[in-house]
Each structure stands twice: as structure tokens, then as C-alpha cells.
>>> print(open('entry_4.txt').read())   # compact mmCIF, C-alpha atoms and all ligand atoms
# COMPACT_ATOMS: atom_id res chain seq x y z
CA MET Y 1 -24.29 0.09 -19.84
CA TYR Y 2 -22.51 0.41 -16.48
CA SER Y 3 -24.70 1.19 -13.49
CA ARG Y 4 -21.89 2.91 -11.58
CA ILE Y 5 -18.35 3.73 -12.60
CA THR Y 6 -15.77 4.25 -9.87
CA THR Y 7 -12.14 5.01 -10.63
CA ILE Y 8 -9.44 3.83 -8.25
CA ASP Y 9 -8.63 7.45 -7.36
CA ARG Y 10 -12.17 8.13 -6.24
CA HIS Y 11 -12.34 4.85 -4.34
CA ILE Y 12 -9.12 5.53 -2.43
CA LEU Y 13 -10.37 9.02 -1.58
CA ASP Y 14 -13.74 7.65 -0.41
CA GLN Y 15 -11.90 5.21 1.86
CA GLN Y 16 -9.82 8.06 3.28
CA ARG Y 17 -12.99 10.04 4.16
CA ARG Y 18 -13.88 7.31 6.64
CA PHE Y 19 -10.91 8.49 8.71
CA PRO Y 20 -11.53 12.16 9.50
CA SER Y 21 -8.02 12.51 10.92
CA ALA Y 22 -6.34 11.18 7.75
CA THR Y 23 -3.93 13.64 6.14
CA GLY Y 24 -4.13 12.18 2.64
CA GLU Y 25 -0.55 10.94 2.49
CA LEU Y 26 -1.52 7.28 2.34
CA THR Y 27 -4.11 8.13 -0.30
CA SER Y 28 -1.47 9.84 -2.43
CA LEU Y 29 0.92 6.93 -1.93
CA LEU Y 30 -1.70 4.50 -3.24
CA TYR Y 31 -2.38 6.77 -6.25
CA ASP Y 32 1.33 6.67 -7.00
CA MET Y 33 1.36 2.87 -6.83
CA ALA Y 34 -1.54 2.80 -9.30
CA LEU Y 35 0.38 5.11 -11.62
CA ALA Y 36 3.52 2.98 -11.33
CA ALA Y 37 1.35 -0.05 -12.15
CA LYS Y 38 0.13 1.60 -15.35
CA ILE Y 39 3.67 2.32 -16.47
CA ILE Y 40 4.82 -1.23 -15.70
CA ALA Y 41 1.72 -2.65 -17.41
CA ARG Y 42 2.50 -0.66 -20.53
CA GLU Y 43 5.99 -2.13 -20.67
CA THR Y 44 5.02 -5.71 -19.79
CA THR Y 45 2.44 -5.83 -22.56
CA ARG Y 46 4.88 -4.32 -25.07
CA ALA Y 47 7.84 -6.31 -23.80
CA GLY Y 48 8.20 -8.61 -26.79
CA LEU Y 49 7.85 -5.75 -29.25
CA ALA Y 50 10.25 -3.47 -27.48
CA GLY Y 51 12.94 -6.14 -27.45
CA ILE Y 52 13.24 -5.69 -23.71
CA LEU Y 53 12.95 -9.39 -22.90
CA GLY Y 54 15.91 -11.42 -21.71
CA SER Y 55 18.25 -11.37 -18.79
CA THR Y 56 20.61 -8.68 -17.65
CA GLU Y 57 24.11 -9.45 -16.55
CA THR Y 58 23.30 -8.73 -12.91
CA SER Y 59 21.78 -11.03 -10.34
CA ASN Y 60 19.76 -10.20 -7.24
CA THR Y 61 20.63 -10.89 -3.60
CA TYR Y 62 19.58 -14.54 -3.93
CA GLY Y 63 21.97 -15.15 -6.85
CA GLU Y 64 19.01 -15.46 -9.22
CA GLN Y 65 19.29 -13.89 -12.64
CA GLN Y 66 17.29 -10.69 -13.04
CA GLN Y 67 15.17 -10.02 -16.08
CA LYS Y 68 15.31 -6.57 -17.63
CA LEU Y 69 11.70 -5.89 -16.78
CA ASP Y 70 12.50 -6.50 -13.10
CA VAL Y 71 15.07 -3.75 -13.20
CA PHE Y 72 12.70 -1.43 -15.01
CA ALA Y 73 9.79 -2.07 -12.60
CA ASP Y 74 12.10 -1.67 -9.62
CA GLN Y 75 13.26 1.73 -10.84
CA VAL Y 76 9.78 2.95 -11.74
CA ILE Y 77 8.49 2.26 -8.24
CA PHE Y 78 11.54 3.78 -6.57
CA ARG Y 79 11.51 6.95 -8.67
CA MET Y 80 7.77 7.34 -8.31
CA ASN Y 81 8.16 7.47 -4.54
CA ASP Y 82 11.61 8.81 -3.67
CA HIS Y 83 10.76 12.53 -3.83
CA THR Y 84 7.18 12.68 -2.52
CA GLU Y 85 8.10 13.19 1.15
CA ARG Y 86 5.60 10.51 2.10
CA LEU Y 87 8.16 7.77 2.76
CA CYS Y 88 11.03 7.50 5.22
CA ALA Y 89 12.57 4.54 3.35
CA MET Y 90 11.79 1.74 0.90
CA ALA Y 91 12.82 -1.89 0.56
CA SER Y 92 12.69 -3.96 -2.61
CA GLU Y 93 13.11 -7.68 -3.12
CA GLU Y 94 15.75 -6.82 -5.70
CA HIS Y 95 18.04 -4.99 -3.24
CA GLU Y 96 19.92 -6.42 -0.33
CA ASP Y 97 19.72 -3.34 1.87
CA LEU Y 98 17.16 -0.77 2.82
CA LEU Y 99 16.64 1.84 0.09
CA GLU Y 100 17.21 5.27 1.54
CA ILE Y 101 15.38 8.35 0.40
CA PRO Y 102 17.97 10.55 -1.36
CA ALA Y 103 19.42 13.12 1.04
CA HIS Y 104 18.14 16.11 -0.97
CA TYR Y 105 14.51 15.03 -0.55
CA GLY Y 106 12.45 15.19 2.63
CA THR Y 107 10.96 12.13 4.29
CA GLY Y 108 7.50 11.11 5.51
CA LYS Y 109 5.72 8.79 7.87
CA TYR Y 110 5.45 5.57 5.86
CA VAL Y 111 7.76 2.85 4.61
CA LEU Y 112 7.11 0.96 1.36
CA LEU Y 113 8.07 -2.65 0.74
CA TYR Y 114 7.76 -4.07 -2.74
CA ASP Y 115 8.51 -6.93 -5.05
CA PRO Y 116 8.60 -5.11 -8.39
CA LEU Y 117 7.90 -8.11 -10.63
CA ASP Y 118 7.16 -11.36 -8.89
CA GLY Y 119 7.25 -14.56 -10.92
CA SER Y 120 9.69 -12.99 -13.34
CA THR Y 121 10.95 -16.33 -14.62
CA ASN Y 122 7.57 -16.47 -16.37
CA ILE Y 123 8.16 -13.30 -18.40
CA ASP Y 124 9.75 -15.03 -21.36
CA VAL Y 125 6.81 -17.41 -21.75
CA ASN Y 126 4.03 -14.81 -21.53
CA VAL Y 127 2.59 -16.02 -18.24
CA SER Y 128 0.99 -13.49 -15.87
CA ILE Y 129 3.31 -11.79 -13.41
CA GLY Y 130 2.70 -9.22 -10.72
CA THR Y 131 3.86 -6.42 -8.46
CA ILE Y 132 3.40 -6.84 -4.70
CA PHE Y 133 3.49 -3.97 -2.19
CA ALA Y 134 3.00 -3.40 1.52
CA ILE Y 135 3.06 -0.22 3.60
CA HIS Y 136 4.07 0.14 7.24
CA ARG Y 137 3.94 3.24 9.38
CA LYS Y 138 7.28 4.69 10.51
CA VAL Y 139 8.04 3.76 14.11
CA SER Y 140 11.63 4.91 14.58
CA THR Y 141 12.19 8.35 16.03
CA GLY Y 142 14.96 9.80 13.83
CA GLY Y 143 14.37 11.72 10.60
CA ARG Y 144 15.30 8.95 8.14
CA GLY Y 145 13.85 5.46 8.05
CA THR Y 146 15.68 2.50 9.55
CA LEU Y 147 15.37 -1.28 9.51
CA GLN Y 148 13.17 -0.97 12.59
CA ASP Y 149 10.52 0.67 10.39
CA VAL Y 150 10.60 -2.22 7.94
CA LEU Y 151 10.87 -5.17 10.31
CA GLN Y 152 7.33 -4.98 11.69
CA PRO Y 153 4.78 -7.80 11.74
CA ALA Y 154 2.15 -7.87 9.00
CA SER Y 155 -0.53 -7.19 11.61
CA HIS Y 156 0.88 -3.63 11.75
CA LEU Y 157 0.44 -2.96 8.02
CA VAL Y 158 -1.64 0.06 7.05
CA ALA Y 159 -2.15 -1.09 3.47
CA ALA Y 160 -1.10 -3.79 1.03
CA GLY Y 161 -1.90 -4.84 -2.49
CA TYR Y 162 -0.76 -6.31 -5.75
CA VAL Y 163 -1.02 -5.71 -9.44
CA ILE Y 164 -1.48 -8.59 -11.83
CA TYR Y 165 -0.35 -8.20 -15.42
CA GLY Y 166 -2.52 -10.82 -17.07
CA SER Y 167 -5.20 -11.02 -19.72
CA SER Y 168 -6.12 -7.68 -18.22
CA THR Y 169 -4.20 -5.62 -15.67
CA MET Y 170 -5.77 -5.53 -12.23
CA MET Y 171 -4.85 -3.80 -9.02
CA VAL Y 172 -6.15 -5.27 -5.77
CA TYR Y 173 -5.62 -3.42 -2.50
CA SER Y 174 -6.79 -3.09 1.07
CA THR Y 175 -6.37 -0.44 3.74
CA GLY Y 176 -8.04 -2.72 6.26
CA GLN Y 177 -11.58 -1.98 5.09
CA GLY Y 178 -12.24 -4.82 2.71
CA VAL Y 179 -10.27 -5.96 -0.31
CA HIS Y 180 -11.09 -4.25 -3.59
CA GLY Y 181 -10.11 -4.99 -7.17
CA PHE Y 182 -9.79 -2.61 -10.14
CA THR Y 183 -9.38 -3.47 -13.79
CA LEU Y 184 -7.33 -1.22 -16.07
CA ASP Y 185 -9.17 0.10 -19.08
CA PRO Y 186 -6.19 0.58 -21.40
CA SER Y 187 -8.06 2.93 -23.73
CA MET Y 188 -8.75 5.39 -20.90
CA GLY Y 189 -5.71 4.57 -18.78
CA GLU Y 190 -7.96 4.28 -15.73
CA PHE Y 191 -8.34 1.54 -13.13
CA LEU Y 192 -12.10 1.00 -12.70
CA LEU Y 193 -13.68 -0.74 -9.73
CA SER Y 194 -14.58 -4.25 -10.92
CA HIS Y 195 -14.47 -6.37 -7.73
CA GLU Y 196 -15.82 -4.63 -4.65
CA ASP Y 197 -15.32 -6.09 -1.18
CA ILE Y 198 -13.86 -9.42 -2.26
CA ARG Y 199 -14.48 -12.35 0.12
CA ILE Y 200 -12.80 -15.70 -0.47
CA PRO Y 201 -15.75 -17.89 -1.49
CA GLU Y 202 -16.89 -21.13 0.10
CA PRO Y 203 -16.67 -23.94 -0.75
CA PRO Y 204 -13.10 -23.71 -2.07
CA LYS Y 205 -12.32 -25.06 -5.53
CA PHE Y 206 -8.57 -25.43 -5.86
CA PHE Y 207 -5.31 -26.31 -4.20
CA SER Y 208 -2.16 -24.79 -5.63
CA ALA Y 209 1.31 -26.13 -4.97
CA ASN Y 210 4.31 -27.29 -6.97
CA LEU Y 211 3.80 -31.05 -6.73
CA GLY Y 212 7.18 -31.55 -8.40
CA TYR Y 213 8.70 -31.01 -4.94
CA GLU Y 214 6.74 -33.76 -3.22
CA HIS Y 215 9.92 -35.85 -2.84
CA VAL Y 216 11.44 -33.18 -0.56
CA TRP Y 217 8.29 -32.49 1.44
CA SER Y 218 7.73 -33.64 5.01
CA GLU Y 219 5.31 -36.38 6.00
CA GLY Y 220 2.79 -33.76 7.19
CA ILE Y 221 2.79 -31.87 3.89
CA ARG Y 222 2.46 -35.08 1.89
CA ARG Y 223 -0.48 -36.23 3.99
CA TYR Y 224 -2.04 -32.76 3.74
CA THR Y 225 -1.77 -32.91 -0.05
CA ARG Y 226 -3.45 -36.31 -0.13
CA TRP Y 227 -6.20 -34.92 2.10
CA LEU Y 228 -6.78 -32.06 -0.36
CA GLN Y 229 -7.02 -34.68 -3.10
CA GLY Y 230 -9.80 -36.38 -1.18
CA LEU Y 231 -7.58 -39.34 -0.20
CA GLY Y 232 -7.02 -38.66 3.49
CA GLU Y 233 -8.69 -38.41 6.87
CA PRO Y 234 -11.10 -36.85 7.69
CA PRO Y 235 -12.79 -37.51 4.34
CA ARG Y 236 -13.43 -34.54 2.07
CA SER Y 237 -14.35 -34.09 -1.57
CA PRO Y 238 -11.28 -33.64 -3.77
CA LEU Y 239 -10.24 -30.17 -4.85
CA GLY Y 240 -9.04 -29.37 -8.35
CA GLN Y 241 -5.33 -28.60 -8.72
CA ARG Y 242 -4.05 -25.40 -10.36
CA TYR Y 243 -0.51 -24.07 -10.19
CA ILE Y 244 0.87 -21.26 -12.33
CA GLY Y 245 4.18 -20.72 -10.55
CA SER Y 246 3.50 -17.01 -10.28
CA MET Y 247 2.27 -16.29 -6.77
CA VAL Y 248 0.26 -13.20 -7.63
CA SER Y 249 -1.70 -15.18 -10.21
CA ASP Y 250 -2.13 -18.24 -8.00
CA PHE Y 251 -3.27 -16.09 -5.07
CA HIS Y 252 -5.59 -14.03 -7.26
CA ARG Y 253 -7.36 -17.08 -8.65
CA ASN Y 254 -7.87 -18.57 -5.20
CA LEU Y 255 -9.03 -15.21 -3.81
CA LEU Y 256 -11.79 -15.08 -6.40
CA GLN Y 257 -12.65 -18.77 -6.60
CA GLY Y 258 -11.65 -20.23 -3.24
CA GLY Y 259 -8.75 -22.51 -2.44
CA VAL Y 260 -5.36 -22.78 -0.81
CA PHE Y 261 -1.94 -21.88 -2.18
CA TYR Y 262 1.04 -23.39 -0.41
CA TYR Y 263 4.77 -23.19 -0.79
CA PRO Y 264 6.04 -25.29 2.11
CA ALA Y 265 9.56 -25.70 3.40
CA ASP Y 266 11.64 -28.72 2.40
CA ALA Y 267 11.85 -31.36 5.12
CA ALA Y 268 15.63 -31.27 4.66
CA GLY Y 269 17.96 -29.60 2.20
CA SER Y 270 18.27 -26.09 0.89
CA ARG Y 271 14.80 -24.73 1.57
CA GLN Y 272 14.11 -25.72 5.15
CA TYR Y 273 12.72 -22.24 5.83
CA GLY Y 274 10.73 -22.11 2.58
CA LYS Y 275 11.37 -20.08 -0.58
CA LEU Y 276 9.06 -17.09 -0.42
CA ARG Y 277 10.05 -13.85 1.30
CA LEU Y 278 8.22 -12.76 4.39
CA MET Y 279 8.64 -9.02 3.81
CA PHE Y 280 8.12 -8.82 0.05
CA GLU Y 281 5.58 -11.53 -0.66
CA ALA Y 282 4.00 -13.19 2.36
CA GLN Y 283 3.13 -10.16 4.50
CA ALA Y 284 1.02 -8.53 1.79
CA PHE Y 285 -0.84 -11.75 1.00
CA ALA Y 286 -1.39 -12.51 4.70
CA TYR Y 287 -2.95 -9.07 5.15
CA LEU Y 288 -5.13 -9.36 2.03
CA ALA Y 289 -6.27 -12.90 2.85
CA TYR Y 290 -7.21 -11.85 6.37
CA HIS Y 291 -9.25 -8.89 5.13
CA ALA Y 292 -11.00 -11.13 2.59
CA GLY Y 293 -12.09 -13.56 5.32
CA GLY Y 294 -9.24 -16.04 4.79
CA ALA Y 295 -6.04 -16.95 6.60
CA CYS Y 296 -2.31 -17.26 6.02
CA SER Y 297 0.08 -19.38 8.05
CA ASP Y 298 3.66 -20.58 7.96
CA GLY Y 299 2.43 -23.94 9.26
CA LEU Y 300 3.03 -23.01 12.90
CA GLY Y 301 0.74 -20.00 13.22
CA PRO Y 302 -0.52 -16.83 11.52
CA ILE Y 303 2.03 -15.04 9.34
CA LEU Y 304 0.38 -11.79 10.49
CA ASP Y 305 1.97 -12.29 13.91
CA ILE Y 306 5.53 -13.17 12.90
CA GLN Y 307 8.07 -10.63 14.17
CA PRO Y 308 10.52 -10.38 11.24
CA HIS Y 309 14.22 -10.60 11.96
CA HIS Y 310 15.70 -10.04 8.51
CA LEU Y 311 14.78 -8.04 5.44
CA HIS Y 312 15.13 -11.10 3.22
CA GLN Y 313 13.73 -13.64 5.66
CA ARG Y 314 12.15 -16.73 4.08
CA VAL Y 315 8.88 -18.25 5.18
CA PRO Y 316 6.74 -21.28 4.32
CA VAL Y 317 3.31 -20.09 3.15
CA PHE Y 318 -0.19 -21.57 3.33
CA VAL Y 319 -2.81 -19.04 2.27
CA GLY Y 320 -6.48 -19.18 1.35
CA ASN Y 321 -9.72 -20.41 2.89
CA ARG Y 322 -9.45 -20.52 6.65
CA ASP Y 323 -10.29 -24.17 7.25
CA LEU Y 324 -7.83 -25.33 4.57
CA VAL Y 325 -5.06 -23.29 6.19
CA ALA Y 326 -5.97 -24.54 9.67
CA ARG Y 327 -5.82 -28.12 8.40
CA ALA Y 328 -2.26 -27.58 7.09
CA GLU Y 329 -1.19 -26.48 10.59
CA ASP Y 330 -2.90 -29.53 11.98
CA PHE Y 331 -1.00 -31.98 9.74
CA ILE Y 332 2.31 -30.23 10.45
CA HIS Y 333 1.77 -30.31 14.21
CA ARG Y 334 0.90 -34.00 14.05
CA TYR Y 335 3.68 -35.26 11.80
CA ASP Y 336 6.51 -32.74 11.46
CA ASP Y 337 8.22 -32.41 14.85
CA GLU Y 338 11.65 -32.78 13.31
CA TRP Y 339 11.16 -29.98 10.81
CA MET Y 340 9.52 -27.73 13.43
CA ALA Y 341 12.60 -28.13 15.64
CA VAL Y 342 14.73 -26.74 12.79
CA TYR Y 343 12.36 -23.99 11.71
CA ARG Y 344 11.13 -22.63 15.05
CA PRO Y 345 14.45 -21.04 16.14
CA TYR Y 346 14.70 -19.33 12.73
CA ARG Y 347 11.11 -18.06 13.04
CA GLU Y 348 11.71 -16.76 16.54
CA ARG Y 349 15.11 -15.17 15.96
CA GLN Y 350 15.23 -11.59 17.22
CA PRO Y 351 15.99 -8.78 14.77
CA ASP Y 352 19.52 -7.47 14.89
CA LEU Y 353 18.75 -3.76 14.50
P1 LIG S 1 10.55 -14.74 -7.55
O1 LIG S 1 10.31 -13.70 -6.49
O2 LIG S 1 12.01 -14.99 -7.76
O3 LIG S 1 9.84 -14.40 -8.83
O4 LIG S 1 10.01 -16.13 -6.98
C1 LIG S 1 8.75 -16.19 -6.42
C2 LIG S 1 7.88 -17.09 -7.24
C3 LIG S 1 6.44 -17.04 -6.84
O5 LIG S 1 5.74 -16.10 -7.61
C4 LIG S 1 5.97 -18.43 -7.10
O6 LIG S 1 4.90 -18.79 -6.27
C5 LIG S 1 7.17 -19.27 -6.83
O7 LIG S 1 8.30 -18.41 -7.00
C6 LIG S 1 7.29 -20.41 -7.78
O8 LIG S 1 8.39 -21.18 -7.45
P2 LIG S 1 8.62 -22.65 -8.06
O9 LIG S 1 9.02 -22.42 -9.48
O10 LIG S 1 9.73 -23.21 -7.22
O11 LIG S 1 7.34 -23.42 -7.92
MG MG S 2 9.15 -12.44 -5.70
>>> encode(input="entry_4.txt", output="C-alpha cells", more="lines below")
Ligand code: AHM
Ligand code: MG
Amino acid sequence: MYSRITTIDRHILDQQRRFPSATGELTSLLYDMALAAKIIARETTRAGLAGILGSTETSNTYGEQQQKLDVFADQVIFRMNDHTERLCAMASEEHEDLLEIPAHYGTGKYVLLYDPLDGSTNIDVNVSIGTIFAIHRKVSTGGRGTLQDVLQPASHLVAAGYVIYGSSTMMVYSTGQGVHGFTLDPSMGEFLLSHEDIRIPEPPKFFSANLGYEHVWSEGIRRYTRWLQGLGEPPRSPLGQRYIGSMVSDFHRNLLQGGVFYYPADAAGSRQYGKLRLMFEAQAFAYLAYHAGGACSDGLGPILDIQPHHLHQRVPVFVGNRDLVARAEDFIHRYDDEWMAVYRPYRERQPDL
């Protein structure tokens, strides 16, 4: 028997009550994300049956092939939010430009950034995938949202979260007052509070990186990896290695069990700025890690503090237990001057608004 049952709706409302001046718009926006998550969950679990699997003809702004479920999830989130008058604009990883609110609808004081289905190359092999979202407050002065509203550092976020479509569907979110996880009961269609006030545990258990790329990594990243394996200086006990290749799942596991996930830049070659997207992936995880007692860095400093310059900006990511993230920065600062000289100007570029 449960001792206390809390739905996500009630939890979001309880959080809002802590801010007497809150108007309820953020609360409603989070409800809508939970509803979108239920619709996407329904389709991801039925994907094989519905014959929806496979690739569409189109590709996204990175030239990568889109899966049909990406398109579906992208549209669900957009349509859920385009007419509510809570948003001034949206931005999705699947679209090159800012998504404007249709002219016949009013606008509101927030901007929503989302990656509708991250890790979508895993869809065809039944590996967990996820939706990532982040919410900034409108800062521009006109009626409609602009790039200025989107290109804000993660330290300005008012909320962020993700949904993981795995052995069960979970939604994890924060509005800056702890990180909370909810598990979907499919029979009731309700997200129920299952993980209250998540803190990244100590000691950490895992490191998560694609070791297949070691040949393109810098000296600092290679030494860092050996250190995590218990083979470097200063001595430490080795961590286990786990890598799913679906960032929501890798982050989620480390959030609950302790560890570090990293997707570094290549020392040279095509990914010298990393692979992951600052606005659609890294900002949300940086915010969640911070509010769960952890840290997130691009190897030079906190991702929370990076002033974005481009909607589809790339960023190296190290996220998880604080000391493991700090140690990555340490190795990079000691061994990777050459790479830093290439990356720093990109990181510090000013937005062209
Ligand atoms: P995507 O946004 O195109 O799905 O790519 C992001 C995903 C992350 O979920 C994951 O951490 C990473 O790509 C895996 O990349 P790789 O296969 O290079 O290890
Ligand atoms: Mg993605």
C-alpha cells in the first residue's frame, strides 16, 4: 500500500504555492509538457505495432536522417503549446530557426526549447530515448519572441526537465527547488511522484563515454579516462563503465546512481566543439545536475554560465558528481592548451542578434 500518492499536477501546483506572486502560467506549461509526454510515450511504446518505425525522407539541420517518431514528437510539443498564450516563441532541435507562435494566437512570457526525441538512432533497436526541455523567461521588449529570448545562459532558466521512455516512462523536472521524478502509471495515465528531491549520490559508481572515440580524443581526455579507470594520478578506485548512447538514459542512470557522463570534443577533426547542442541538450542537464548537487562543464568552466551565440551551438559536456567534473577540467587545463586555443574563441563568440 502506498503511504502517500502525489500526482505530477498536484506537485507542480504545490511548488507554485511557494511563490505567492506566481500567476500559474509556468505551472500550466509544465502540465502541458507532462501531457505531451504521455502522448509521445503512447506512440513510442506502440511504435513497432503501429508500423511507424523507420526514417522519413527529410533530414534535420545537421544533415542527420530523421525518424518518423521525431517528427511526431516535434509536432505534438509544438501543437500542445502554440495556442496557450504562455509562450512568445519555441525552438526545437529539429528546426533550424526559431519557431514563431502563429500570428492568430496571442503570446506569453516564456520561451520553450526542446529536443523532441533525443537518441533517436536508438528507436529501431528498442533502446530508451527521451524528450528534453528547458524554459527561459522572455527578455525582449516586443510582442513576439526573438532569438534574444532563446540565447540566454542556462543560469537564467526558470525550469528544465526530461522524459525518459524506458522500461517505464518517467518525467524528471526542476523549477529550481530540487529535482523531482515521476513515473507514469499507464493504467491510470497519471505521472506519480516516485523520486522526490533527487541528489546525485556519493560515492559515484559509473563513468559514461563512447570509448570508441578515444583515438580522436586529446591527451587530457585520455588521461582523465584512465584516471576514472583507476589507472591515473591521483590514485582512485576504478569506476564501472556504462554507455547507452542515449543521453537522457545515461544522465538518468548517473543522476540516480552517481557518476559522470562526458561527450568531449575531438582534439582535431570534425567535432572540435563537441557534438551535443548547448540549447537543446546541455542547458537542461546543466540546470538539473546543479539542482541535484552535481555539476556540468564544457571542460573550461560551468555550462550554466556560457552565453550562447547560436541556436544550434555545439558544446563538449562533462556532467555528474561535482568532483568528477572538476577533475575533467583539471586534466584539460593541464594537457589541452592546443584544443583550448581552438575552442575558446567559439565559446566566447558574441551572439549575432
Ligand atoms: P541526437 O540528438 O541526434 O539524438 O544525438 C544526441 C545523442 C545523445 O543522446 C547521445 O549521448 C549521443 O548522441 C550519442 O552519440 P554517439 O553515438 O556518437 O556516442
Ligand atoms: Mg538530441
>>> residues_near_ligand(input="entry_4.txt", ligand="ligand LIG 1 (chain S)", cutoff="6 Å", atoms="all atoms listed in the file", output="PyMOL selection string")
chain Y and resi 118-120+210+245-247
>>> atom_distance(input="entry_4.txt", atom1="CA of Thr121 (chain Y)", atom2="CA of Glu94 (chain Y)")
13.9 Å
>>> residues_around(input="entry_4.txt", residues="region 343-345 of chain Y", least_positions_apart="3", cutoff="9 Å", atoms="all atoms listed in the file", output="ChimeraX atom specification")
/Y:265,272-273,300,338-340,348-349
>>> residues_near_point(input="entry_4.txt", point="(12.3, -30.9, 6.5)", cutoff="10 Å", atoms="all atoms listed in the file", output="PyMOL selection string")
chain Y and resi 216-221+264-274+336-343
>>> residues_near_ligand(input="entry_4.txt", ligand="ligand MG 2 (chain S)", cutoff="12 Å", atoms="only C-alpha atoms and all ligand atoms", output="PyMOL selection string")
chain Y and resi 60-62+64+66+70+74+92-95+113-122+129-133+162+245-248+275-282+284+312+314
>>> atom_distance(input="entry_4.txt", atom1="CA of Leu256 (chain Y)", atom2="CA of Glu43 (chain Y)")
26.2 Å
>>> closest_residue(input="entry_4.txt", among="Y:Val125, Y:Gly230, Y:Gly143, Y:Ile5", to="Gly106 (chain Y)", atoms="all atoms listed in the file")
Y:Gly143
>>> closest_atom_pairs(input="entry_4.txt", of="region 148-242 of chain Y", to="region 291-296 of chain Y", cutoff="8 Å", atoms="all atoms listed in the file", output="tab-separated table")
residue	atom	partner	partner_atom	distance
Y:Ser174	CA	Y:His291	CA	7.5
Y:Gly176	CA	Y:His291	CA	6.4
Y:Gln177	CA	Y:His291	CA	7.3
Y:Gly178	CA	Y:His291	CA	5.6
Y:Val179	CA	Y:Ala292	CA	6.0
Y:Asp197	CA	Y:Ala292	CA	7.6
Y:Ile198	CA	Y:Ala292	CA	5.9
Y:Arg199	CA	Y:Ala292	CA	4.4
Y:Ile200	CA	Y:Ala292	CA	5.8
>>> atom_distance(input="entry_4.txt", atom1="CA of Tyr346 (chain Y)", atom2="CA of His310 (chain Y)")
10.3 Å
>>> closest_residue(input="entry_4.txt", among="Y:Ser140, Y:Asn321, Y:Ser167, Y:Gln241", to="Pro201 (chain Y)", atoms="only C-alpha atoms")
Y:Asn321
>>> closest_residue(input="entry_4.txt", among="Y:Lys109, Y:Arg347, Y:His180, Y:His252", to="Gly299 (chain Y)", atoms="only C-alpha atoms")
Y:Arg347
>>> closest_residue(input="entry_4.txt", among="Y:Ser194, Y:Thr175, Y:Tyr287, Y:Lys138", to="Arg18 (chain Y)", atoms="all atoms listed in the file")
Y:Thr175
>>> residues_around(input="entry_4.txt", residues="Arg137 (chain Y)", least_positions_apart="3", cutoff="8 Å", atoms="all atoms listed in the file", output="MDAnalysis selection string")
chainID Y and resid 109:111 149 156:158
>>> write_last_selection(input="entry_4.txt", atoms="C-alpha atoms", output="PDB file, in the frame of the given file")
ATOM      1  CA  LYS Y 109       5.720   8.790   7.870  1.00  0.00           C
ATOM      2  CA  TYR Y 110       5.450   5.570   5.860  1.00  0.00           C
ATOM      3  CA  VAL Y 111       7.760   2.850   4.610  1.00  0.00           C
ATOM      4  CA  ASP Y 149      10.520   0.670  10.390  1.00  0.00           C
ATOM      5  CA  HIS Y 156       0.880  -3.630  11.750  1.00  0.00           C
ATOM      6  CA  LEU Y 157       0.440  -2.960   8.020  1.00  0.00           C
ATOM      7  CA  VAL Y 158      -1.640   0.060   7.050  1.00  0.00           C
TER       8      VAL Y 158
END
>>> residues_near_point(input="entry_4.txt", point="(2.1, -17.9, 4.6)", cutoff="6 Å", atoms="only C-alpha atoms", output="mmCIF file with C-alpha atoms, in the coordinates of the input")
data_model
loop_
_atom_site.group_PDB
_atom_site.id
_atom_site.type_symbol
_atom_site.label_atom_id
_atom_site.label_comp_id
_atom_site.auth_asym_id
_atom_site.auth_seq_id
_atom_site.Cartn_x
_atom_site.Cartn_y
_atom_site.Cartn_z
ATOM 1 C CA ALA Y 282 4.000 -13.190 2.360
ATOM 2 C CA CYS Y 296 -2.310 -17.260 6.020
ATOM 3 C CA SER Y 297 0.080 -19.380 8.050
ATOM 4 C CA ASP Y 298 3.660 -20.580 7.960
ATOM 5 C CA ILE Y 303 2.030 -15.040 9.340
ATOM 6 C CA PRO Y 316 6.740 -21.280 4.320
ATOM 7 C CA VAL Y 317 3.310 -20.090 3.150
ATOM 8 C CA PHE Y 318 -0.190 -21.570 3.330
ATOM 9 C CA VAL Y 319 -2.810 -19.040 2.270
#
